[in-house]
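A.B. asks: Got a file for you: start.cif, mmCIF, C-alpha atoms and all ligand atoms.
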```
data_input
loop_
_atom_site.label_atom_id
_atom_site.label_comp_id
_atom_site.auth_asym_id
_atom_site.auth_seq_id
_atom_site.Cartn_x
_atom_site.Cartn_y
_atom_site.Cartn_z
CA MET A 1 0.00 0.00 0.00
CA ARG A 2 1.55 3.31 -1.11
CA PRO A 3 0.48 6.37 0.92
CA LYS A 4 -0.96 9.55 -0.58
CA VAL A 5 -1.80 7.97 -3.92
CA ILE A 6 -5.00 8.43 -5.90
CA GLY A 7 -6.08 6.95 -9.23
CA ILE A 8 -7.58 9.16 -11.95
CA TYR A 9 -8.95 7.57 -15.10
CA GLU A 10 -11.77 7.63 -17.62
CA LYS A 11 -13.98 4.69 -18.43
CA ASP A 12 -16.80 3.92 -20.82
CA ASN A 13 -20.08 3.04 -19.14
CA GLY A 14 -22.39 2.03 -21.97
CA ILE A 15 -25.38 4.23 -22.79
CA LEU A 16 -25.64 7.80 -21.48
CA TRP A 17 -28.80 8.58 -23.50
CA LYS A 18 -30.74 6.95 -26.32
CA HIS A 19 -34.04 7.28 -28.10
CA ASP A 20 -35.68 5.26 -30.82
CA GLU A 21 -38.29 7.61 -32.32
CA TYR A 22 -41.39 5.72 -33.39
CA ASN A 23 -42.58 8.35 -35.90
CA THR A 24 -39.35 8.93 -37.81
CA LYS A 25 -37.77 5.50 -37.21
CA ARG A 26 -34.62 7.37 -36.16
CA ASN A 27 -32.46 5.81 -33.48
CA ASP A 28 -29.92 7.96 -31.64
CA VAL A 29 -27.49 6.96 -28.93
CA ARG A 30 -24.72 8.72 -27.02
CA ARG A 31 -22.16 6.79 -25.04
CA SER A 32 -21.35 7.57 -21.43
CA ARG A 33 -17.78 8.46 -20.49
CA GLU A 34 -16.98 8.79 -16.80
CA LEU A 35 -14.10 10.47 -14.98
CA VAL A 36 -13.19 8.45 -11.89
CA VAL A 37 -11.07 9.67 -8.96
CA THR A 38 -10.37 6.78 -6.63
CA THR A 39 -8.48 5.88 -3.49
CA THR A 40 -8.10 2.61 -1.59
CA THR A 41 -7.51 2.15 2.13
CA ALA A 42 -6.68 -1.13 3.90
CA LEU A 43 -7.97 -1.25 7.49
CA GLU A 44 -7.22 -4.57 9.14
CA ASN A 45 -9.08 -7.30 7.25
CA TYR A 46 -10.94 -4.96 4.88
CA ASP A 47 -9.87 -2.93 1.88
CA TYR A 48 -12.14 0.03 1.16
CA GLY A 49 -12.30 1.68 -2.24
CA ILE A 50 -13.82 5.17 -2.39
CA SER A 51 -14.45 6.50 -5.89
CA TRP A 52 -15.91 9.81 -6.99
CA ILE A 53 -17.41 9.42 -10.46
CA PHE A 54 -18.05 12.54 -12.55
CA HIS A 55 -20.77 11.91 -15.16
CA GLN A 56 -21.38 13.89 -18.36
CA ASP A 57 -24.96 14.69 -17.28
CA GLY A 58 -23.65 16.56 -14.19
CA THR A 59 -24.15 13.73 -11.72
CA LEU A 60 -21.51 13.36 -9.01
CA GLU A 61 -21.57 9.75 -7.88
CA LEU A 62 -19.86 8.24 -4.86
CA GLN A 63 -19.11 4.55 -5.02
CA SER A 64 -17.75 2.68 -2.03
CA ASP A 65 -16.30 -0.78 -2.62
CA LEU A 66 -15.51 -3.29 0.09
CA THR A 67 -13.06 -6.06 -0.55
CA GLY A 68 -10.34 -7.90 1.37
CA ILE A 69 -11.43 -10.76 3.63
CA VAL A 70 -14.49 -11.24 5.82
CA LEU A 71 -14.44 -10.80 9.58
CA PRO A 72 -13.76 -14.41 10.68
CA GLN A 73 -14.33 -16.19 13.97
CA GLY A 74 -13.38 -19.70 15.00
CA THR A 75 -16.09 -22.24 15.76
CA ALA A 76 -16.29 -25.92 16.63
CA SER A 77 -18.79 -26.35 13.81
CA ILE A 78 -17.84 -28.04 10.61
CA ASN A 79 -21.37 -28.26 9.31
CA GLN A 80 -23.82 -25.52 8.36
CA SER A 81 -26.72 -27.41 9.85
CA GLU A 82 -25.55 -26.53 13.36
CA SER A 83 -27.08 -23.37 14.83
CA GLN A 84 -25.04 -20.20 14.16
CA PRO A 85 -27.20 -17.13 14.92
CA TYR A 86 -24.32 -14.64 14.83
CA GLY A 87 -22.92 -15.54 11.42
CA LYS A 88 -22.69 -18.10 8.68
CA LEU A 89 -20.17 -20.84 8.15
CA VAL A 90 -17.77 -19.80 5.37
CA ALA A 91 -15.42 -22.78 5.78
CA LYS A 92 -15.10 -25.64 8.24
CA ASN A 93 -14.55 -24.14 11.74
CA ILE A 94 -14.83 -20.53 10.50
CA ILE A 95 -17.86 -18.26 10.59
CA GLY A 96 -18.21 -14.85 8.97
CA VAL A 97 -19.57 -12.74 11.86
CA ASN A 98 -22.70 -10.59 11.33
CA HIS A 99 -21.63 -6.94 11.46
CA GLN A 100 -22.25 -3.49 10.00
CA HIS A 101 -20.07 -0.94 8.23
CA PHE A 102 -20.78 2.79 8.55
CA PHE A 103 -19.61 5.39 6.06
CA ASN A 104 -20.20 9.08 6.62
CA PHE A 105 -19.63 11.61 3.88
CA ARG A 106 -19.12 15.30 4.70
CA LEU A 107 -20.32 17.23 1.66
CA ASP A 108 -19.47 20.93 1.80
CA MET A 109 -22.11 22.16 -0.62
CA ASP A 110 -21.85 25.42 -2.60
CA VAL A 111 -24.64 25.22 -5.17
CA ASP A 112 -24.45 28.36 -7.33
CA GLY A 113 -22.67 30.24 -4.55
CA GLN A 114 -22.53 29.83 -0.79
CA ALA A 115 -26.09 30.93 0.09
CA ASN A 116 -27.91 27.58 0.09
CA GLU A 117 -31.00 25.93 1.56
CA VAL A 118 -32.20 22.34 2.00
CA MET A 119 -35.56 21.01 0.87
CA GLU A 120 -36.92 17.57 1.75
CA MET A 121 -39.14 15.92 -0.84
CA ASN A 122 -41.76 13.31 0.10
CA VAL A 123 -43.99 11.69 -2.52
CA LYS A 124 -47.49 11.00 -1.19
CA PRO A 125 -50.88 10.02 -2.64
CA LEU A 126 -53.54 12.72 -2.34
CA PRO A 127 -56.27 12.08 0.26
CA VAL A 128 -59.35 10.23 -1.01
CA ASN A 129 -61.59 13.32 -1.03
CA GLU A 130 -59.21 15.00 -3.52
CA ASN A 131 -58.39 11.85 -5.43
CA ALA A 132 -61.48 10.37 -7.12
CA LEU A 133 -59.61 7.76 -9.15
CA GLY A 134 -57.12 7.05 -6.39
CA ASN A 135 -54.11 7.38 -8.69
CA ALA A 136 -53.02 10.99 -7.96
CA PHE A 137 -49.87 11.66 -5.98
CA VAL A 138 -47.76 14.72 -5.35
CA ALA A 139 -44.17 15.54 -4.35
CA LEU A 140 -44.41 17.62 -1.17
CA GLU A 141 -41.50 19.94 -0.46
CA THR A 142 -40.61 20.85 3.13
CA PRO A 143 -37.73 23.21 3.93
CA LEU A 144 -35.36 22.02 6.66
CA THR A 145 -34.86 25.33 8.39
CA THR A 146 -32.51 24.66 11.31
CA GLU A 147 -29.81 22.17 12.25
CA THR A 148 -31.91 20.14 14.71
CA VAL A 149 -34.82 19.92 12.26
CA ALA A 150 -32.48 18.60 9.57
CA VAL A 151 -31.67 15.27 11.30
CA ARG A 152 -33.46 12.89 8.99
CA ASP A 153 -33.89 9.29 7.85
CA LEU A 154 -34.58 7.66 4.53
CA GLU A 155 -38.19 6.68 3.87
CA MET A 156 -38.67 4.38 0.92
CA LYS A 157 -42.48 4.54 1.10
CA GLN A 158 -42.32 8.27 0.33
CA SER A 159 -39.36 8.12 -2.06
CA ARG A 160 -37.77 10.71 0.26
CA LYS A 161 -34.94 12.77 -1.17
CA TRP A 162 -33.15 16.00 -0.32
CA MET A 163 -32.43 18.97 -2.53
CA ILE A 164 -29.65 21.43 -1.80
CA MET A 165 -30.73 24.65 -3.48
CA SER A 166 -29.40 28.10 -4.14
CA ALA A 167 -31.19 30.60 -1.89
CA ASP A 168 -31.12 33.34 -4.54
CA LYS A 169 -30.40 31.92 -8.03
CA LYS A 170 -33.05 30.59 -10.43
CA ASN A 171 -32.73 28.43 -13.53
CA ALA A 172 -34.30 29.30 -16.92
CA LEU A 173 -37.67 27.92 -15.75
CA GLY A 174 -37.77 29.92 -12.51
CA ALA A 175 -36.83 27.06 -10.19
CA ALA A 176 -33.95 27.32 -7.74
CA THR A 177 -30.72 25.82 -9.07
CA ALA A 178 -30.07 22.68 -7.04
CA TYR A 179 -28.39 19.34 -6.56
CA MET A 180 -30.39 16.41 -5.23
CA LEU A 181 -29.06 13.76 -2.87
CA MET A 182 -30.05 10.46 -4.50
CA PRO A 183 -29.51 7.77 -1.84
CA GLY A 184 -28.38 4.34 -2.98
CA GLY A 185 -28.54 1.16 -0.95
CA ASN A 186 -28.66 1.77 2.80
CA ALA A 187 -29.73 0.20 6.10
CA VAL A 188 -30.44 1.26 9.68
CA PHE A 189 -28.24 1.31 12.77
CA LEU A 190 -28.92 -2.02 14.49
CA PRO A 191 -27.50 -1.65 18.06
CA THR A 192 -30.26 -1.21 20.64
CA GLU A 193 -31.16 2.09 22.33
CA SER A 194 -29.10 1.10 25.37
CA ALA A 195 -25.98 0.14 23.39
CA GLU A 196 -22.95 2.25 24.33
CA ILE A 197 -21.89 2.60 20.70
CA ARG A 198 -24.90 4.86 20.12
CA SER A 199 -23.32 7.63 22.17
CA LYS A 200 -19.94 7.24 20.42
CA ALA A 201 -21.30 6.87 16.89
CA ALA A 202 -24.45 9.00 17.07
CA PHE A 203 -23.83 10.15 13.50
CA ALA A 204 -24.76 6.67 12.27
CA THR A 205 -28.14 6.65 14.04
CA TYR A 206 -29.58 8.92 11.29
CA HIS A 207 -28.92 9.00 7.57
CA VAL A 208 -28.89 12.77 7.01
CA TRP A 209 -27.62 15.73 9.03
CA VAL A 210 -27.12 19.31 7.84
CA THR A 211 -24.92 21.89 9.55
CA ASN A 212 -23.74 25.42 9.03
CA TYR A 213 -20.20 25.43 7.64
CA ASN A 214 -17.60 25.61 10.38
CA ALA A 215 -13.92 25.09 9.53
CA SER A 216 -13.34 23.10 12.75
CA GLU A 217 -16.24 20.67 12.18
CA LEU A 218 -14.63 18.00 10.04
CA TYR A 219 -15.53 14.60 11.52
CA ALA A 220 -18.98 13.10 12.05
CA ALA A 221 -17.85 11.26 15.21
CA GLY A 222 -15.65 14.13 16.44
CA ASN A 223 -11.88 14.56 16.32
CA TYR A 224 -11.02 11.65 18.63
CA PRO A 225 -13.85 9.11 18.40
CA ASN A 226 -12.24 6.28 20.37
CA GLN A 227 -11.46 8.08 23.63
CA ALA A 228 -13.78 11.09 23.50
CA LYS A 229 -16.73 11.64 25.81
CA PRO A 230 -20.15 10.75 24.34
CA GLY A 231 -21.94 13.28 22.17
CA LYS A 232 -18.98 14.54 20.14
CA GLY A 233 -19.20 15.18 16.43
CA LEU A 234 -22.57 15.82 14.83
CA PRO A 235 -24.67 16.02 18.04
CA GLU A 236 -22.31 18.74 19.27
CA TYR A 237 -22.19 20.50 15.88
CA ILE A 238 -26.01 20.90 15.80
CA SER A 239 -26.44 21.73 19.50
CA ASN A 240 -26.68 25.49 18.85
CA ASP A 241 -29.43 24.81 16.27
CA GLU A 242 -28.26 27.40 13.76
CA SER A 243 -30.46 28.53 10.88
CA LEU A 244 -29.99 26.78 7.53
CA ILE A 245 -31.74 29.44 5.45
CA GLY A 246 -29.43 31.06 2.92
CA LYS A 247 -26.30 29.68 4.61
CA ASP A 248 -23.07 28.01 3.60
CA ILE A 249 -24.18 24.52 4.54
CA VAL A 250 -22.56 21.11 4.96
CA LEU A 251 -24.54 17.96 4.18
CA TRP A 252 -23.56 14.82 6.09
CA TYR A 253 -24.78 11.51 4.73
CA SER A 254 -24.37 8.15 6.46
CA THR A 255 -24.62 4.91 4.59
CA MET A 256 -24.54 1.51 6.23
CA LEU A 257 -23.73 -1.85 4.82
CA GLY A 258 -24.90 -4.83 6.80
CA ASN A 259 -22.69 -7.79 6.18
CA ILE A 260 -24.51 -11.03 6.64
CA GLN A 261 -22.64 -13.67 4.76
CA LEU A 262 -24.53 -15.34 1.95
CA LYS A 263 -22.46 -18.09 0.51
CA ILE A 264 -22.89 -21.31 -1.37
CA ASN A 265 -20.59 -23.71 0.36
CA LEU A 266 -18.73 -25.76 -2.23
CA VAL A 267 -16.21 -27.21 0.21
CA GLY A 268 -16.27 -31.02 -0.19
CU CU A 301 -17.68 -6.40 6.65
#
```
Once you've parsed the file, please lay out its structure as structure tokens.
Ligand SMILES: [Cu+2]

C.D. replies:
Amino acid sequence: MRPKVIGIYEKDNGILWKHDEYNTKRNDVRRSRELVVTTTTALENYDYGISWIFHQDGTLELQSDLTGIVLPQGTASINQSESQPYGKLVAKNIIGVNHQHFFNFRLDMDVDGQANEVMEMNVKPLPVNENALGNAFVALETPLTTETVAVRDLEMKQSRKWMIMSADKKNALGAATAYMLMPGGNAVFLPTESAEIRSKAAFATYHVWVTNYNASELYAAGNYPNQAKPGKGLPEYISNDESLIGKDIVLWYSTMLGNIQLKINLVG
């Protein structure tokens, strides 16, 4: 592993856009070329790849890759049929232990300047008295106005997403210029309410936090997560509940991978 090294490369990723026009029988296609900036970090048994992917349609994509070896634990078992609630047998006498990975991304947003706002979007069906055929639904927009209000979770049933918007600039159609946070796969923090890790890793107990920019607020779990007192990091950063209207804001997004080993055992 060489320190302070990043990889920068372009790659083809198939179709960026296509359309086959029924009326004119014309078929157009444009290929997608991506610029990838990547770094890899080995931490004990795991190797983590973090790649920023810059797309031609303006999308900024973050891809996290996990490789290396699983978290192993010895066991007397040599047969999967024996009870193993905390993991799955990956070889004779070895289980891959159930565990979670938490990634937090600090995104210092400046969309069309520093004066930004955050809007939460929830898609909901209209109530029955306004919805005769039952098929009407709307995207409701709710501004997240202060730091303590902007502690949020994903909600798949409402296709919840967050828009980081300019507070004063409009696009050609009169809408605020904006970037939208498009969550990928995620999970929830599994330790119970009484688990000590909740006070040390409070950032991971919610998916989204938003703070006012502060040059000293760099780490979701605080500067010294292992030996610090509880409540450092994001809970401390939002404790003064600053306004998020027209501010230089920082968006913090936590994503969790639950590793439960799924494996076809081909060992003879
Ligand atoms: Cu893992």

A.B. asks: Select the residues contacting ligand CU 301 (chain A) at a distance of at most 7 Å, based on all atoms listed in the file, then format the selection as an NGL selection string.

C.D. replies: :A and (70-71 or 99-101 or 259)

A.B. asks: Can you list, as a list in words, every protein, DNA or RNA residue that comes within 8 Å of stretch 114-122 of chain A when you count all atoms listed in the file, leaving out same-chain residues fewer than 2 positions away?

C.D. replies: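 Contacts, in chain order: Met109, Asp110, Val111, Asp112, Lys124, Ala139, Leu140, Glu141, Thr142, Pro143, Leu144, Thr145, Gln158, Ser159, Arg160, Lys161, Trp162, Met163, Ile164, Met165, Ser166, Ala167, Asp168, Leu244, Ile245, Gly246, Lys247, Asp248 and Ile249 of chain A.
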
A.B. asks: Taking only C-alpha atoms into account, name the residue in A:Gly49, A:Gly58, A:Pro127, A:Gly87 that is nearest to A:Phe103.

C.D. replies: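 Smallest separation from A:Phe103 among the options: A:Gly49.
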
A.B. asks: Go ahead and find all residues with at least one atom no further than 12 Å from (-7.9, 5.3, -8.7) in the file's coordinates, using only C-alpha atoms; report them as an MDAnalysis selection string.

C.D. replies: chainID A and resid 4:11 35:41 48:53 63

A.B. asks: Anything within 9 Å of (-25.7, 16.0, -3.8): list those residues as an NGL selection string, counting only C-alpha atoms and sticking to the file's coordinates.

C.D. replies: :A and (59-61 or 107 or 109 or 162-164 or 178-182 or 251)

A.B. asks: From the list A:Ile94, A:Leu89, A:Ala201, A:Ile238, which residue is nearest A:Asn226 when using only C-alpha atoms?

C.D. replies: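 Among the listed residues, A:Ala201 lies closest to A:Asn226.
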
A.B. asks: Which one of A:Glu193, A:Asp47, A:Asp57, A:Glu217 sits closest to A:Gly233 if you count only C-alpha atoms?

C.D. replies: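 With only C-alpha atoms as the atom set, the closest residue is A:Glu217.
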
A.B. asks: So, counting only C-alpha atoms, which residue among A:Lys232, A:Ala42, A:Asp108, A:Ser239 is closest to A:Asn214?

C.D. replies: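 Selected residue with least distance to A:Asn214: A:Asp108.
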
A.B. asks: Can you work out the spacing between atom CA of A:Val151 and atom CA of A:Trp209 in Å, to one decimal?

C.D. replies: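 Separating atom CA of A:Val151 from atom CA of A:Trp209 is a distance of 4.7 Å.
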
A.B. asks: Fewer than 3 positions away in the same chain doesn't count, so skip those; otherwise give me all residues within 9 Å of A:Phe203, counting all atoms listed in the file, as a PyMOL selection string.

C.D. replies: chain A and resi 104+198+200+206-209+220-221+233-235+252-254

A.B. asks: Identify which of the residues A:Ala150, A:Met156, A:Ala132, A:Ile69 lies closest to A:Val97, counting only C-alpha atoms when measuring atom-to-atom distances.

C.D. replies: A:Ile69

A.B. asks: So, with only C-alpha atoms as the atoms that count, which of A:Ile15, A:Leu173, A:Leu257, A:Ala187 lies closest to A:Gln56?

C.D. replies: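 The shortest atom-to-atom distance to A:Gln56 comes from A:Ile15.
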
A.B. asks: Hey, can you check how far atom CA of A:Asp65 sits from atom CA of A:Tyr46?

C.D. replies: 10.1 Å

A.B. asks: Suppose you want the space between atom CA of A:Phe54 and atom CA of A:Asn212; what is it in Å?

C.D. replies: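 Atom-to-atom, atom CA of A:Phe54 to atom CA of A:Asn212, that is 25.8 Å.
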
A.B. asks: Once 8 Å is added on each side, what are the centre and the three edge lengths, in Å to one decimal, of the axis-aligned box enclosing the listed atoms of stretch 33-49 of chain A? Present them as AutoDock Vina command-line options.

C.D. replies:
```
--center_x -12.2 --center_y 1.6 --center_z -5.7 --size_x 27.1 --size_y 33.8 --size_z 45.6
```

A.B. asks: For stretch 19-30 of chain A, write all heavy atoms out as a compact mmCIF listing (two decimals), in the first residue's frame.

C.D. replies:
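What landed in selection.txt:
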```
# COMPACT_ATOMS: atom_id res chain seq x y z
N HIS A 19 -32.61 7.23 -27.78
CA HIS A 19 -34.04 7.28 -28.10
C HIS A 19 -34.27 6.69 -29.48
O HIS A 19 -33.59 7.04 -30.44
CB HIS A 19 -34.58 8.70 -28.05
CG HIS A 19 -36.05 8.75 -28.33
ND1 HIS A 19 -36.97 8.04 -27.58
CD2 HIS A 19 -36.76 9.38 -29.30
CE1 HIS A 19 -38.18 8.25 -28.08
NE2 HIS A 19 -38.08 9.05 -29.12
N ASP A 20 -35.24 5.82 -29.55
CA ASP A 20 -35.68 5.26 -30.82
C ASP A 20 -37.04 5.90 -31.10
O ASP A 20 -38.02 5.60 -30.42
CB ASP A 20 -35.78 3.73 -30.70
CG ASP A 20 -35.96 3.07 -32.06
OD1 ASP A 20 -36.94 3.41 -32.77
OD2 ASP A 20 -35.14 2.21 -32.40
N GLU A 21 -37.07 6.83 -32.08
CA GLU A 21 -38.29 7.61 -32.32
C GLU A 21 -39.24 6.82 -33.22
O GLU A 21 -38.92 6.53 -34.37
CB GLU A 21 -37.93 8.96 -32.94
CG GLU A 21 -39.12 9.80 -33.34
CD GLU A 21 -40.14 10.00 -32.22
OE1 GLU A 21 -39.74 10.27 -31.08
OE2 GLU A 21 -41.35 9.85 -32.50
N TYR A 22 -40.40 6.55 -32.68
CA TYR A 22 -41.39 5.72 -33.39
C TYR A 22 -41.81 6.36 -34.71
O TYR A 22 -41.92 5.70 -35.74
CB TYR A 22 -42.60 5.52 -32.48
CG TYR A 22 -43.75 4.81 -33.13
CD1 TYR A 22 -43.74 3.42 -33.26
CD2 TYR A 22 -44.85 5.52 -33.62
CE1 TYR A 22 -44.80 2.76 -33.87
CE2 TYR A 22 -45.91 4.86 -34.23
CZ TYR A 22 -45.88 3.49 -34.35
OH TYR A 22 -46.92 2.83 -34.95
N ASN A 23 -42.03 7.69 -34.71
CA ASN A 23 -42.58 8.35 -35.90
C ASN A 23 -41.59 8.41 -37.05
O ASN A 23 -41.95 8.19 -38.20
CB ASN A 23 -43.04 9.77 -35.54
CG ASN A 23 -44.26 9.72 -34.64
OD1 ASN A 23 -45.26 9.08 -34.96
ND2 ASN A 23 -44.16 10.36 -33.48
N THR A 24 -40.34 8.74 -36.74
CA THR A 24 -39.35 8.93 -37.81
C THR A 24 -38.46 7.71 -38.01
O THR A 24 -37.64 7.69 -38.92
CB THR A 24 -38.43 10.12 -37.46
OG1 THR A 24 -37.77 9.81 -36.22
CG2 THR A 24 -39.22 11.41 -37.30
N LYS A 25 -38.61 6.73 -37.19
CA LYS A 25 -37.77 5.50 -37.21
C LYS A 25 -36.29 5.84 -36.99
O LYS A 25 -35.41 5.08 -37.38
CB LYS A 25 -37.92 4.75 -38.55
CG LYS A 25 -39.35 4.48 -38.95
CD LYS A 25 -40.05 3.59 -37.94
CE LYS A 25 -41.49 3.30 -38.38
NZ LYS A 25 -42.37 2.99 -37.27
N ARG A 26 -36.02 6.99 -36.39
CA ARG A 26 -34.62 7.37 -36.16
C ARG A 26 -34.18 6.87 -34.78
O ARG A 26 -34.91 7.02 -33.80
CB ARG A 26 -34.50 8.89 -36.23
CG ARG A 26 -33.09 9.38 -35.95
CD ARG A 26 -32.95 10.86 -36.19
NE ARG A 26 -31.74 11.35 -35.55
CZ ARG A 26 -31.18 12.51 -35.79
NH1 ARG A 26 -31.73 13.34 -36.68
NH2 ARG A 26 -30.06 12.88 -35.16
N ASN A 27 -33.01 6.31 -34.74
CA ASN A 27 -32.46 5.81 -33.48
C ASN A 27 -31.16 6.55 -33.16
O ASN A 27 -30.23 6.51 -33.96
CB ASN A 27 -32.21 4.30 -33.58
CG ASN A 27 -31.74 3.69 -32.25
OD1 ASN A 27 -32.07 4.20 -31.18
ND2 ASN A 27 -30.97 2.64 -32.33
N ASP A 28 -31.13 7.25 -32.04
CA ASP A 28 -29.92 7.96 -31.64
C ASP A 28 -29.39 7.39 -30.33
O ASP A 28 -30.18 7.00 -29.47
CB ASP A 28 -30.24 9.45 -31.42
CG ASP A 28 -30.32 10.21 -32.71
OD1 ASP A 28 -29.26 10.43 -33.32
OD2 ASP A 28 -31.45 10.55 -33.12
N VAL A 29 -28.09 7.40 -30.19
CA VAL A 29 -27.49 6.96 -28.93
C VAL A 29 -26.21 7.75 -28.68
O VAL A 29 -25.51 8.13 -29.60
CB VAL A 29 -27.22 5.43 -28.97
CG1 VAL A 29 -26.19 5.07 -30.02
CG2 VAL A 29 -26.78 4.93 -27.59
N ARG A 30 -25.98 8.08 -27.42
CA ARG A 30 -24.72 8.72 -27.02
C ARG A 30 -24.10 7.87 -25.92
O ARG A 30 -24.77 7.49 -24.96
CB ARG A 30 -24.99 10.13 -26.45
CG ARG A 30 -25.74 11.05 -27.37
CD ARG A 30 -24.90 11.52 -28.56
NE ARG A 30 -25.67 12.44 -29.37
CZ ARG A 30 -26.50 12.08 -30.36
NH1 ARG A 30 -26.64 10.79 -30.65
NH2 ARG A 30 -27.17 12.98 -31.04
```
